[in-house]
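Peer 1: As input, take structure29.pdb (PDB, C-alpha atoms and all ligand atoms):
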```pdb
MODEL        1
ATOM      1  CA  MET C1313     -13.683  -6.220  12.206  1.00  0.00           C
ATOM      2  CA  LYS C1314     -14.339  -6.286   8.493  1.00  0.00           C
ATOM      3  CA  LEU C1315     -11.987  -4.969   5.844  1.00  0.00           C
ATOM      4  CA  TYR C1316     -13.455  -4.043   2.480  1.00  0.00           C
ATOM      5  CA  GLY C1317     -10.723  -4.284  -0.125  1.00  0.00           C
ATOM      6  CA  TYR C1318      -9.445  -5.931  -3.252  1.00  0.00           C
ATOM      7  CA  PHE C1319      -6.624  -8.446  -3.349  1.00  0.00           C
ATOM      8  CA  ARG C1320      -4.539  -6.291  -5.725  1.00  0.00           C
ATOM      9  CA  SER C1321      -5.157  -2.990  -3.932  1.00  0.00           C
ATOM     10  CA  SER C1322      -1.970  -1.807  -2.300  1.00  0.00           C
ATOM     11  CA  ALA C1323      -3.886   0.516   0.025  1.00  0.00           C
ATOM     12  CA  ALA C1324      -5.891  -2.486   1.297  1.00  0.00           C
ATOM     13  CA  PHE C1325      -2.641  -4.502   1.441  1.00  0.00           C
ATOM     14  CA  ARG C1326      -1.262  -1.892   3.886  1.00  0.00           C
ATOM     15  CA  VAL C1327      -4.219  -2.345   6.204  1.00  0.00           C
ATOM     16  CA  ARG C1328      -4.000  -6.151   6.003  1.00  0.00           C
ATOM     17  CA  ILE C1329      -0.359  -5.959   7.126  1.00  0.00           C
ATOM     18  CA  ALA C1330      -1.237  -3.629  10.006  1.00  0.00           C
ATOM     19  CA  LEU C1331      -4.078  -5.890  11.176  1.00  0.00           C
ATOM     20  CA  ASN C1332      -1.768  -8.910  11.010  1.00  0.00           C
ATOM     21  CA  LEU C1333       1.054  -7.147  12.866  1.00  0.00           C
ATOM     22  CA  LYS C1334      -1.431  -6.273  15.606  1.00  0.00           C
ATOM     23  CA  GLY C1335      -2.665  -9.851  15.710  1.00  0.00           C
ATOM     24  CA  LEU C1336      -6.256  -8.749  15.010  1.00  0.00           C
ATOM     25  CA  ALA C1337      -8.769 -11.121  13.463  1.00  0.00           C
ATOM     26  CA  TYR C1338     -10.843  -9.704  10.613  1.00  0.00           C
ATOM     27  CA  GLU C1339     -13.110 -10.812   7.831  1.00  0.00           C
ATOM     28  CA  GLN C1340     -12.828  -9.486   4.313  1.00  0.00           C
ATOM     29  CA  GLY C1341     -15.402  -7.989   1.980  1.00  0.00           C
ATOM     30  CA  ALA C1342     -14.275  -8.197  -1.624  1.00  0.00           C
ATOM     31  CA  VAL C1343     -14.821  -5.142  -3.852  1.00  0.00           C
ATOM     32  CA  HIS C1344     -13.866  -6.080  -7.397  1.00  0.00           C
ATOM     33  CA  LEU C1345     -12.199  -2.940  -8.749  1.00  0.00           C
ATOM     34  CA  ARG C1346     -11.815  -4.215 -12.329  1.00  0.00           C
ATOM     35  CA  LYS C1347     -15.581  -4.824 -12.384  1.00  0.00           C
ATOM     36  CA  ASN C1348     -16.157  -1.324 -10.949  1.00  0.00           C
ATOM     37  CA  GLU C1349     -17.874  -2.574  -7.823  1.00  0.00           C
ATOM     38  CA  GLN C1350     -16.376   0.463  -6.048  1.00  0.00           C
ATOM     39  CA  GLN C1351     -18.849   2.596  -8.017  1.00  0.00           C
ATOM     40  CA  LYS C1352     -21.978   0.665  -7.026  1.00  0.00           C
ATOM     41  CA  ALA C1353     -24.497   2.523  -4.873  1.00  0.00           C
ATOM     42  CA  ASP C1354     -24.213   0.179  -1.889  1.00  0.00           C
ATOM     43  CA  TYR C1355     -20.428   0.578  -1.802  1.00  0.00           C
ATOM     44  CA  LEU C1356     -20.598   4.354  -2.328  1.00  0.00           C
ATOM     45  CA  ALA C1357     -22.844   4.485   0.736  1.00  0.00           C
ATOM     46  CA  LEU C1358     -19.886   3.029   2.646  1.00  0.00           C
ATOM     47  CA  GLN C1359     -17.095   4.962   0.895  1.00  0.00           C
ATOM     48  CA  PRO C1360     -18.411   7.974  -1.041  1.00  0.00           C
ATOM     49  CA  GLN C1361     -15.064   8.388  -2.833  1.00  0.00           C
ATOM     50  CA  GLY C1362     -15.406   4.971  -4.464  1.00  0.00           C
ATOM     51  CA  LEU C1363     -12.028   3.753  -3.224  1.00  0.00           C
ATOM     52  CA  VAL C1364     -10.865   0.810  -1.137  1.00  0.00           C
ATOM     53  CA  PRO C1365     -10.149   0.117   1.668  1.00  0.00           C
ATOM     54  CA  VAL C1366     -12.840   0.642   4.267  1.00  0.00           C
ATOM     55  CA  LEU C1367     -12.568  -0.760   7.780  1.00  0.00           C
ATOM     56  CA  ASP C1368     -15.725  -1.583   9.702  1.00  0.00           C
ATOM     57  CA  ASP C1369     -15.092  -1.815  13.429  1.00  0.00           C
ATOM     58  CA  GLU C1370     -18.313  -2.840  15.169  1.00  0.00           C
ATOM     59  CA  GLY C1371     -20.472  -0.769  12.825  1.00  0.00           C
ATOM     60  CA  GLU C1372     -18.220   2.292  12.703  1.00  0.00           C
ATOM     61  CA  THR C1373     -16.598   2.665   9.315  1.00  0.00           C
ATOM     62  CA  PHE C1374     -13.299   4.299   8.479  1.00  0.00           C
ATOM     63  CA  ILE C1375     -11.795   5.304   5.131  1.00  0.00           C
ATOM     64  CA  GLN C1376      -8.245   6.031   3.903  1.00  0.00           C
ATOM     65  CA  SER C1377      -5.580   3.440   4.653  1.00  0.00           C
ATOM     66  CA  MET C1378      -3.267   5.787   6.568  1.00  0.00           C
ATOM     67  CA  ALA C1379      -6.086   6.990   8.818  1.00  0.00           C
ATOM     68  CA  ILE C1380      -7.244   3.396   9.337  1.00  0.00           C
ATOM     69  CA  ILE C1381      -3.738   2.253  10.278  1.00  0.00           C
ATOM     70  CA  GLU C1382      -3.293   5.115  12.741  1.00  0.00           C
ATOM     71  CA  TYR C1383      -6.737   4.278  14.196  1.00  0.00           C
ATOM     72  CA  LEU C1384      -5.609   0.669  14.690  1.00  0.00           C
ATOM     73  CA  ASP C1385      -2.355   1.845  16.236  1.00  0.00           C
ATOM     74  CA  GLU C1386      -4.190   4.080  18.686  1.00  0.00           C
ATOM     75  CA  THR C1387      -6.837   1.520  19.634  1.00  0.00           C
ATOM     76  CA  HIS C1388      -4.409  -1.441  19.739  1.00  0.00           C
ATOM     77  CA  PRO C1389      -1.057   0.085  20.739  1.00  0.00           C
ATOM     78  CA  GLU C1390       0.965  -3.154  20.773  1.00  0.00           C
ATOM     79  CA  PRO C1391       3.159  -3.589  18.868  1.00  0.00           C
ATOM     80  CA  PRO C1392       3.511   0.111  17.967  1.00  0.00           C
ATOM     81  CA  LEU C1393       3.709   1.029  14.290  1.00  0.00           C
ATOM     82  CA  LEU C1394       5.307   4.410  14.994  1.00  0.00           C
ATOM     83  CA  PRO C1395       8.425   5.127  17.085  1.00  0.00           C
ATOM     84  CA  ASP C1396       8.234   6.737  20.547  1.00  0.00           C
ATOM     85  CA  HIS C1397      10.147   9.871  19.712  1.00  0.00           C
ATOM     86  CA  PRO C1398       8.453  12.695  17.705  1.00  0.00           C
ATOM     87  CA  ALA C1399      11.478  12.936  15.384  1.00  0.00           C
ATOM     88  CA  GLY C1400      11.296   9.210  14.677  1.00  0.00           C
ATOM     89  CA  ARG C1401       7.555   9.430  14.083  1.00  0.00           C
ATOM     90  CA  ALA C1402       8.079  12.286  11.635  1.00  0.00           C
ATOM     91  CA  ARG C1403      10.752  10.297   9.769  1.00  0.00           C
ATOM     92  CA  VAL C1404       8.525   7.214   9.521  1.00  0.00           C
ATOM     93  CA  ARG C1405       5.497   9.256   8.425  1.00  0.00           C
ATOM     94  CA  GLY C1406       7.715  11.022   5.890  1.00  0.00           C
ATOM     95  CA  LEU C1407       8.813   7.724   4.359  1.00  0.00           C
ATOM     96  CA  ALA C1408       5.265   6.368   4.427  1.00  0.00           C
ATOM     97  CA  GLN C1409       3.932   9.488   2.716  1.00  0.00           C
ATOM     98  CA  ALA C1410       6.682   9.346   0.089  1.00  0.00           C
ATOM     99  CA  VAL C1411       4.855   6.206  -1.036  1.00  0.00           C
ATOM    100  CA  ALA C1412       1.251   6.929  -0.092  1.00  0.00           C
ATOM    101  CA  CYS C1413       1.104  10.566  -1.271  1.00  0.00           C
ATOM    102  CA  ASP C1414       3.794  10.861  -3.941  1.00  0.00           C
ATOM    103  CA  ILE C1415       3.869   7.520  -5.785  1.00  0.00           C
ATOM    104  CA  HIS C1416       0.687   5.558  -5.245  1.00  0.00           C
ATOM    105  CA  PRO C1417      -2.008   8.114  -6.248  1.00  0.00           C
ATOM    106  CA  ILE C1418      -0.456   8.801  -9.665  1.00  0.00           C
ATOM    107  CA  ASP C1419      -0.425   5.099 -10.537  1.00  0.00           C
ATOM    108  CA  ASN C1420      -3.917   4.344  -9.254  1.00  0.00           C
ATOM    109  CA  LEU C1421      -6.347   2.359 -11.406  1.00  0.00           C
ATOM    110  CA  ARG C1422      -8.589   5.349 -12.159  1.00  0.00           C
ATOM    111  CA  VAL C1423      -5.544   7.375 -13.301  1.00  0.00           C
ATOM    112  CA  LEU C1424      -4.315   4.565 -15.567  1.00  0.00           C
ATOM    113  CA  ARG C1425      -7.812   4.168 -16.983  1.00  0.00           C
ATOM    114  CA  TYR C1426      -8.002   7.900 -17.688  1.00  0.00           C
ATOM    115  CA  LEU C1427      -4.676   7.765 -19.508  1.00  0.00           C
ATOM    116  CA  ALA C1428      -6.155   5.057 -21.748  1.00  0.00           C
ATOM    117  CA  LYS C1429      -9.551   6.686 -22.173  1.00  0.00           C
ATOM    118  CA  PRO C1430     -10.175   9.535 -22.923  1.00  0.00           C
ATOM    119  CA  LEU C1431      -6.490  10.483 -23.300  1.00  0.00           C
ATOM    120  CA  GLY C1432      -5.796   7.666 -25.771  1.00  0.00           C
ATOM    121  CA  HIS C1433      -2.478   6.311 -24.461  1.00  0.00           C
ATOM    122  CA  ASP C1434      -1.666   2.701 -25.332  1.00  0.00           C
ATOM    123  CA  GLU C1435      -0.576  -0.074 -22.950  1.00  0.00           C
ATOM    124  CA  LYS C1436       3.139   0.617 -23.536  1.00  0.00           C
ATOM    125  CA  ALA C1437       2.800   4.328 -22.739  1.00  0.00           C
ATOM    126  CA  ILE C1438       0.874   3.467 -19.582  1.00  0.00           C
ATOM    127  CA  GLU C1439       3.641   1.054 -18.527  1.00  0.00           C
ATOM    128  CA  VAL C1440       6.228   3.834 -19.048  1.00  0.00           C
ATOM    129  CA  TRP C1441       4.109   6.202 -16.961  1.00  0.00           C
ATOM    130  CA  PHE C1442       3.587   3.609 -14.206  1.00  0.00           C
ATOM    131  CA  ASN C1443       7.286   2.764 -13.925  1.00  0.00           C
ATOM    132  CA  HIS C1444       8.417   6.395 -14.188  1.00  0.00           C
ATOM    133  CA  TRP C1445       6.654   7.499 -11.006  1.00  0.00           C
ATOM    134  CA  ILE C1446       7.800   4.478  -9.051  1.00  0.00           C
ATOM    135  CA  LYS C1447      11.387   5.063 -10.169  1.00  0.00           C
ATOM    136  CA  LEU C1448      11.288   8.716  -9.149  1.00  0.00           C
ATOM    137  CA  GLY C1449       9.818   7.802  -5.776  1.00  0.00           C
ATOM    138  CA  PHE C1450      12.131   4.862  -5.122  1.00  0.00           C
ATOM    139  CA  ASP C1451      15.218   6.927  -6.063  1.00  0.00           C
ATOM    140  CA  GLY C1452      14.463   9.299  -3.189  1.00  0.00           C
ATOM    141  CA  ILE C1453      13.427   6.613  -0.708  1.00  0.00           C
ATOM    142  CA  GLU C1454      16.550   4.561  -1.478  1.00  0.00           C
ATOM    143  CA  ARG C1455      18.758   7.609  -0.786  1.00  0.00           C
ATOM    144  CA  ILE C1456      17.100   8.076   2.593  1.00  0.00           C
ATOM    145  CA  LEU C1457      17.218   4.422   3.624  1.00  0.00           C
ATOM    146  CA  ALA C1458      20.799   3.910   2.476  1.00  0.00           C
ATOM    147  CA  HIS C1459      22.296   7.124   3.805  1.00  0.00           C
ATOM    148  CA  ASP C1460      20.552   8.659   6.820  1.00  0.00           C
ATOM    149  CA  GLY C1461      21.758   5.940   9.201  1.00  0.00           C
ATOM    150  CA  GLN C1462      18.324   5.330  10.728  1.00  0.00           C
ATOM    151  CA  ALA C1463      17.271   2.205   8.866  1.00  0.00           C
ATOM    152  CA  GLY C1464      18.027  -1.081  10.543  1.00  0.00           C
ATOM    153  CA  ARG C1465      16.566  -4.392   9.570  1.00  0.00           C
ATOM    154  CA  PHE C1466      13.491  -2.373   8.624  1.00  0.00           C
ATOM    155  CA  CYS C1467      12.874   1.202   7.443  1.00  0.00           C
ATOM    156  CA  HIS C1468      13.288   2.586  10.953  1.00  0.00           C
ATOM    157  CA  GLY C1469      15.436   0.507  13.261  1.00  0.00           C
ATOM    158  CA  ASP C1470      14.799  -3.169  13.819  1.00  0.00           C
ATOM    159  CA  ALA C1471      11.028  -3.300  14.185  1.00  0.00           C
ATOM    160  CA  PRO C1472       8.543  -3.144  11.312  1.00  0.00           C
ATOM    161  CA  GLY C1473       6.281  -0.097  11.207  1.00  0.00           C
ATOM    162  CA  LEU C1474       4.226   2.277   9.099  1.00  0.00           C
ATOM    163  CA  ALA C1475       6.993   2.967   6.574  1.00  0.00           C
ATOM    164  CA  ASP C1476       7.479  -0.754   5.885  1.00  0.00           C
ATOM    165  CA  ILE C1477       3.718  -1.192   5.661  1.00  0.00           C
ATOM    166  CA  CYS C1478       3.622   1.330   2.812  1.00  0.00           C
ATOM    167  CA  LEU C1479       6.851   0.280   1.126  1.00  0.00           C
ATOM    168  CA  VAL C1480       6.143  -3.428   0.707  1.00  0.00           C
ATOM    169  CA  PRO C1481       2.885  -3.117  -1.315  1.00  0.00           C
ATOM    170  CA  GLN C1482       4.587  -0.499  -3.492  1.00  0.00           C
ATOM    171  CA  VAL C1483       7.391  -2.983  -4.259  1.00  0.00           C
ATOM    172  CA  PHE C1484       4.699  -5.489  -5.288  1.00  0.00           C
ATOM    173  CA  ASN C1485       3.352  -2.795  -7.638  1.00  0.00           C
ATOM    174  CA  ALA C1486       6.843  -2.196  -9.010  1.00  0.00           C
ATOM    175  CA  LYS C1487       6.974  -5.869  -9.981  1.00  0.00           C
ATOM    176  CA  ARG C1488       3.808  -5.539 -12.028  1.00  0.00           C
ATOM    177  CA  TYR C1489       5.825  -4.941 -15.230  1.00  0.00           C
ATOM    178  CA  PRO C1490       9.031  -6.992 -15.691  1.00  0.00           C
ATOM    179  CA  SER C1491      10.534  -3.885 -17.303  1.00  0.00           C
ATOM    180  CA  PHE C1492      10.918  -2.217 -13.897  1.00  0.00           C
ATOM    181  CA  ASP C1493      14.504  -2.585 -12.695  1.00  0.00           C
ATOM    182  CA  MET C1494      14.874  -3.085  -8.940  1.00  0.00           C
ATOM    183  CA  THR C1495      18.688  -3.365  -9.156  1.00  0.00           C
ATOM    184  CA  PRO C1496      19.362   0.274  -8.133  1.00  0.00           C
ATOM    185  CA  TYR C1497      17.518  -0.223  -4.851  1.00  0.00           C
ATOM    186  CA  PRO C1498      19.558  -2.532  -2.584  1.00  0.00           C
ATOM    187  CA  ALA C1499      18.262  -0.980   0.650  1.00  0.00           C
ATOM    188  CA  ILE C1500      14.643  -1.242  -0.464  1.00  0.00           C
ATOM    189  CA  ARG C1501      15.199  -4.837  -1.608  1.00  0.00           C
ATOM    190  CA  ARG C1502      16.881  -5.800   1.660  1.00  0.00           C
ATOM    191  CA  ILE C1503      14.054  -4.320   3.748  1.00  0.00           C
ATOM    192  CA  PHE C1504      11.430  -5.872   1.476  1.00  0.00           C
ATOM    193  CA  ASP C1505      13.002  -9.303   2.012  1.00  0.00           C
ATOM    194  CA  ALA C1506      13.152  -8.769   5.787  1.00  0.00           C
ATOM    195  CA  CYS C1507       9.459  -7.816   5.810  1.00  0.00           C
ATOM    196  CA  MET C1508       8.370 -10.722   3.642  1.00  0.00           C
ATOM    197  CA  ALA C1509      10.126 -13.115   6.025  1.00  0.00           C
ATOM    198  CA  LEU C1510       7.503 -12.081   8.601  1.00  0.00           C
ATOM    199  CA  ASP C1511       4.216 -13.943   8.681  1.00  0.00           C
ATOM    200  CA  ALA C1512       2.211 -10.691   9.038  1.00  0.00           C
ATOM    201  CA  PHE C1513       3.476  -9.455   5.666  1.00  0.00           C
ATOM    202  CA  GLU C1514       3.470 -12.835   3.952  1.00  0.00           C
ATOM    203  CA  ARG C1515      -0.177 -13.562   4.853  1.00  0.00           C
ATOM    204  CA  ALA C1516      -1.197 -10.131   3.545  1.00  0.00           C
ATOM    205  CA  ARG C1517       0.212 -10.630   0.039  1.00  0.00           C
ATOM    206  CA  PRO C1518      -2.321 -10.360  -2.800  1.00  0.00           C
ATOM    207  CA  GLU C1519      -2.142 -13.994  -3.951  1.00  0.00           C
ATOM    208  CA  ARG C1520      -3.088 -15.232  -0.484  1.00  0.00           C
ATOM    209  CA  GLN C1521      -6.359 -13.289  -0.246  1.00  0.00           C
ATOM    210  CA  PRO C1522      -9.746 -15.018  -0.579  1.00  0.00           C
ATOM    211  CA  ASP C1523     -10.680 -12.924  -3.648  1.00  0.00           C
ATOM    212  CA  ALA C1524      -7.361 -13.535  -5.465  1.00  0.00           C
ATOM    213  CA  GLU C1525      -7.772 -14.621  -9.084  1.00  0.00           C
TER     214      GLU C1525
HETATM  215  N1  LIG C1601      -5.464   7.391  -0.319  1.00  0.00           N
HETATM  216  C1  LIG C1601      -6.299   6.232  -0.389  1.00  0.00           C
HETATM  217  C2  LIG C1601      -6.110   5.574  -1.724  1.00  0.00           C
HETATM  218  C3  LIG C1601      -7.113   4.496  -1.952  1.00  0.00           C
HETATM  219  C4  LIG C1601      -7.012   3.984  -3.365  1.00  0.00           C
HETATM  220  O1  LIG C1601      -6.547   4.681  -4.260  1.00  0.00           O
HETATM  221  N2  LIG C1601      -7.464   2.752  -3.574  1.00  0.00           N
HETATM  222  C5  LIG C1601      -7.437   2.194  -4.894  1.00  0.00           C
HETATM  223  C6  LIG C1601      -6.884   0.784  -4.867  1.00  0.00           C
HETATM  224  S1  LIG C1601      -5.226   0.733  -4.278  1.00  0.00           S
HETATM  225  C7  LIG C1601      -8.828   2.168  -5.456  1.00  0.00           C
HETATM  226  O2  LIG C1601      -9.769   1.924  -4.740  1.00  0.00           O
HETATM  227  N3  LIG C1601      -8.958   2.419  -6.758  1.00  0.00           N
HETATM  228  C8  LIG C1601     -10.219   2.382  -7.408  1.00  0.00           C
HETATM  229  C9  LIG C1601     -10.207   3.130  -8.704  1.00  0.00           C
HETATM  230  O3  LIG C1601      -9.152   3.657  -9.077  1.00  0.00           O
HETATM  231  O4  LIG C1601     -11.262   3.168  -9.337  1.00  0.00           O
HETATM  232  C10 LIG C1601      -5.946   5.248   0.742  1.00  0.00           C
HETATM  233  O5  LIG C1601      -4.789   5.252   1.168  1.00  0.00           O
HETATM  234  O6  LIG C1601      -6.823   4.523   1.216  1.00  0.00           O
ENDMDL
END
```
Just give me the structure as structure tokens.

Peer 2:
Amino acid sequence: MKLYGYFRSSAAFRVRIALNLKGLAYEQGAVHLRKNEQQKADYLALQPQGLVPVLDDEGETFIQSMAIIEYLDETHPEPPLLPDHPAGRARVRGLAQAVACDIHPIDNLRVLRYLAKPLGHDEKAIEVWFNHWIKLGFDGIERILAHDGQAGRFCHGDAPGLADICLVPQVFNAKRYPSFDMTPYPAIRRIFDACMALDAFERARPERQPDAE
């Protein structure tokens, strides 16, 4: 398998964690987002949206991190990334989407670039924007994790899964600006630490990727 991504991409980070949890070997194809390699014709032929990641599995290519992770879960069921019970699966997908649909897209590189140009916002305003959407998202996720009684060591019980896979890269993003305060999120911090104690998460972190700068 080959994963096209970028060391700082949190969507690619999700897929790296999933591949590691499944114990699957993969090579990486680096797409340098800051240099706009995602807009080059050869990459657009692979991913017409101009986004990472893409997973190539024996010549078949797949886009969108959540779809890729569910593909991996269906083709390599052990260990499962979603609970057995439909209600558990819905809870885990809900938490995962709270990150992947409600936080991450608004803080994506192309959005931040658009805020700068043509909208004319400076670096400070962009930092305020970036942190604002993470705070709003984390406030809700923290309430769920701390109060619905279904989190264990991880977001759902005591095994890592899709919700943790989405949460951890988003916490890395939250640390991008030192001005973001993680203090109000003890449940998120506890689960983050539990995840990062696992080799599958640790090996997926941005600094450990071959294209890291
Ligand atoms: N919903 C997509 C999001 C993919 C995405 O936004 N990727 C970012 C990096 S995390 C990207 O490629 N950004 C390029 C850009 O903004 O130009 C997924 O989950 O795969």

Peer 1: If I take atom CA of C:Leu1315 and atom CA of C:Met1508, how far is one from the other in Å, to one decimal?

Peer 2: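 Computing the Euclidean distance for atom CA of C:Leu1315 and atom CA of C:Met1508 yields 21.3 Å.
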
Peer 1: Using all atoms listed in the file, find each residue with an atom at most 7 Å away from ligand LIG 1601 (chain C) and format the answer as a list in words.

Peer 2: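 For ligand LIG 1601 (chain C), the residues inside 7 Å are Ser1321, Ser1322, Ala1323, Ala1324, Leu1345, Asn1348, Gln1350, Gly1362, Leu1363, Val1364, Pro1365, Ile1375, Gln1376, Ser1377, Met1378, Ala1412, Pro1417, Asn1420, Leu1421, Arg1422 and Val1423 of chain C.
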
Peer 1: Can you turn the PyMOL selection byres (((chain C and resi 1457-1468) around 9) and not hetatm) into a concrete residue list for this file, as a list in words?

Peer 2: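 So the PyMOL selection byres (((chain C and resi 1457-1468) around 9) and not hetatm) ends up selecting Pro1395, Gly1400, Arg1403, Val1404, Leu1407, Gly1452, Ile1453, Glu1454, Arg1455, Ile1456, Gly1469, Asp1470, Ala1471, Pro1472, Gly1473, Leu1474, Ala1475, Asp1476, Leu1479, Pro1498, Ala1499, Ile1500, Arg1502, Ile1503, Phe1504, Ala1506 and Cys1507 of chain C.
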
Peer 1: Which of these, C:Val1366, C:Ser1491, C:Gln1482, C:Arg1320, has the shortest distance to C:His1344 once you count only C-alpha atoms?

Peer 2: C:Arg1320

Peer 1: Spell out the residues picked by the PyMOL selection byres (((chain C and resi 1341) around 7) and not hetatm) here, as an MDAnalysis selection string.

Peer 2: chainID C and resid 1314:1317 1339:1340 1342:1343

Peer 1: Within 10 Å of (-3.5, -5.6, 10.8) (coordinates as in the file), grab all the protein and nucleic acid residues, counting all atoms listed in the file, and write them out as a list in words.

Peer 2: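 Counting all atoms listed in the file, I find these residues within 10 Å of (-3.5, -5.6, 10.8): Leu1315, Phe1325, Arg1326, Val1327, Arg1328, Ile1329, Ala1330, Leu1331, Asn1332, Leu1333, Lys1334, Gly1335, Leu1336, Ala1337, Tyr1338, Ile1380, Ile1381, Leu1384, Asp1385, His1388, Ile1477, Ala1512, Phe1513 and Ala1516 of chain C.
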
Peer 1: Just the number, please: distance in Å from atom CA of C:Thr1373 to atom CA of C:Leu1358, one decimal.

Peer 2: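 Between these atoms lies a distance of 7.4 Å.
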
Peer 1: Excluding C:Ile1446 and residues on its chain fewer than 3 positions from it, collect all residues at most 12 Å away from it, counting only C-alpha atoms, and give them as a PyMOL selection string.

Peer 2: chain C and resi 1410-1420+1439-1443+1449-1454+1479+1481-1489+1492-1494+1497

Peer 1: One decimal, Å: what's the distance from atom CA of C:Leu1393 over to atom CA of C:Cys1478, could you say?

Peer 2: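 Computed distance, atom CA of C:Leu1393 to atom CA of C:Cys1478, equals 11.5 Å.
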
Peer 1: List as a list in words the protein and nucleic acid residues near C:Pro1518, meaning an atom at most 6 Å away when only C-alpha atoms are counted, but skip any in the same chain fewer than 2 places from it.

Peer 2: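 Result of the neighbour search: Phe1319, Arg1320, Arg1520 and Gln1521 of chain C.
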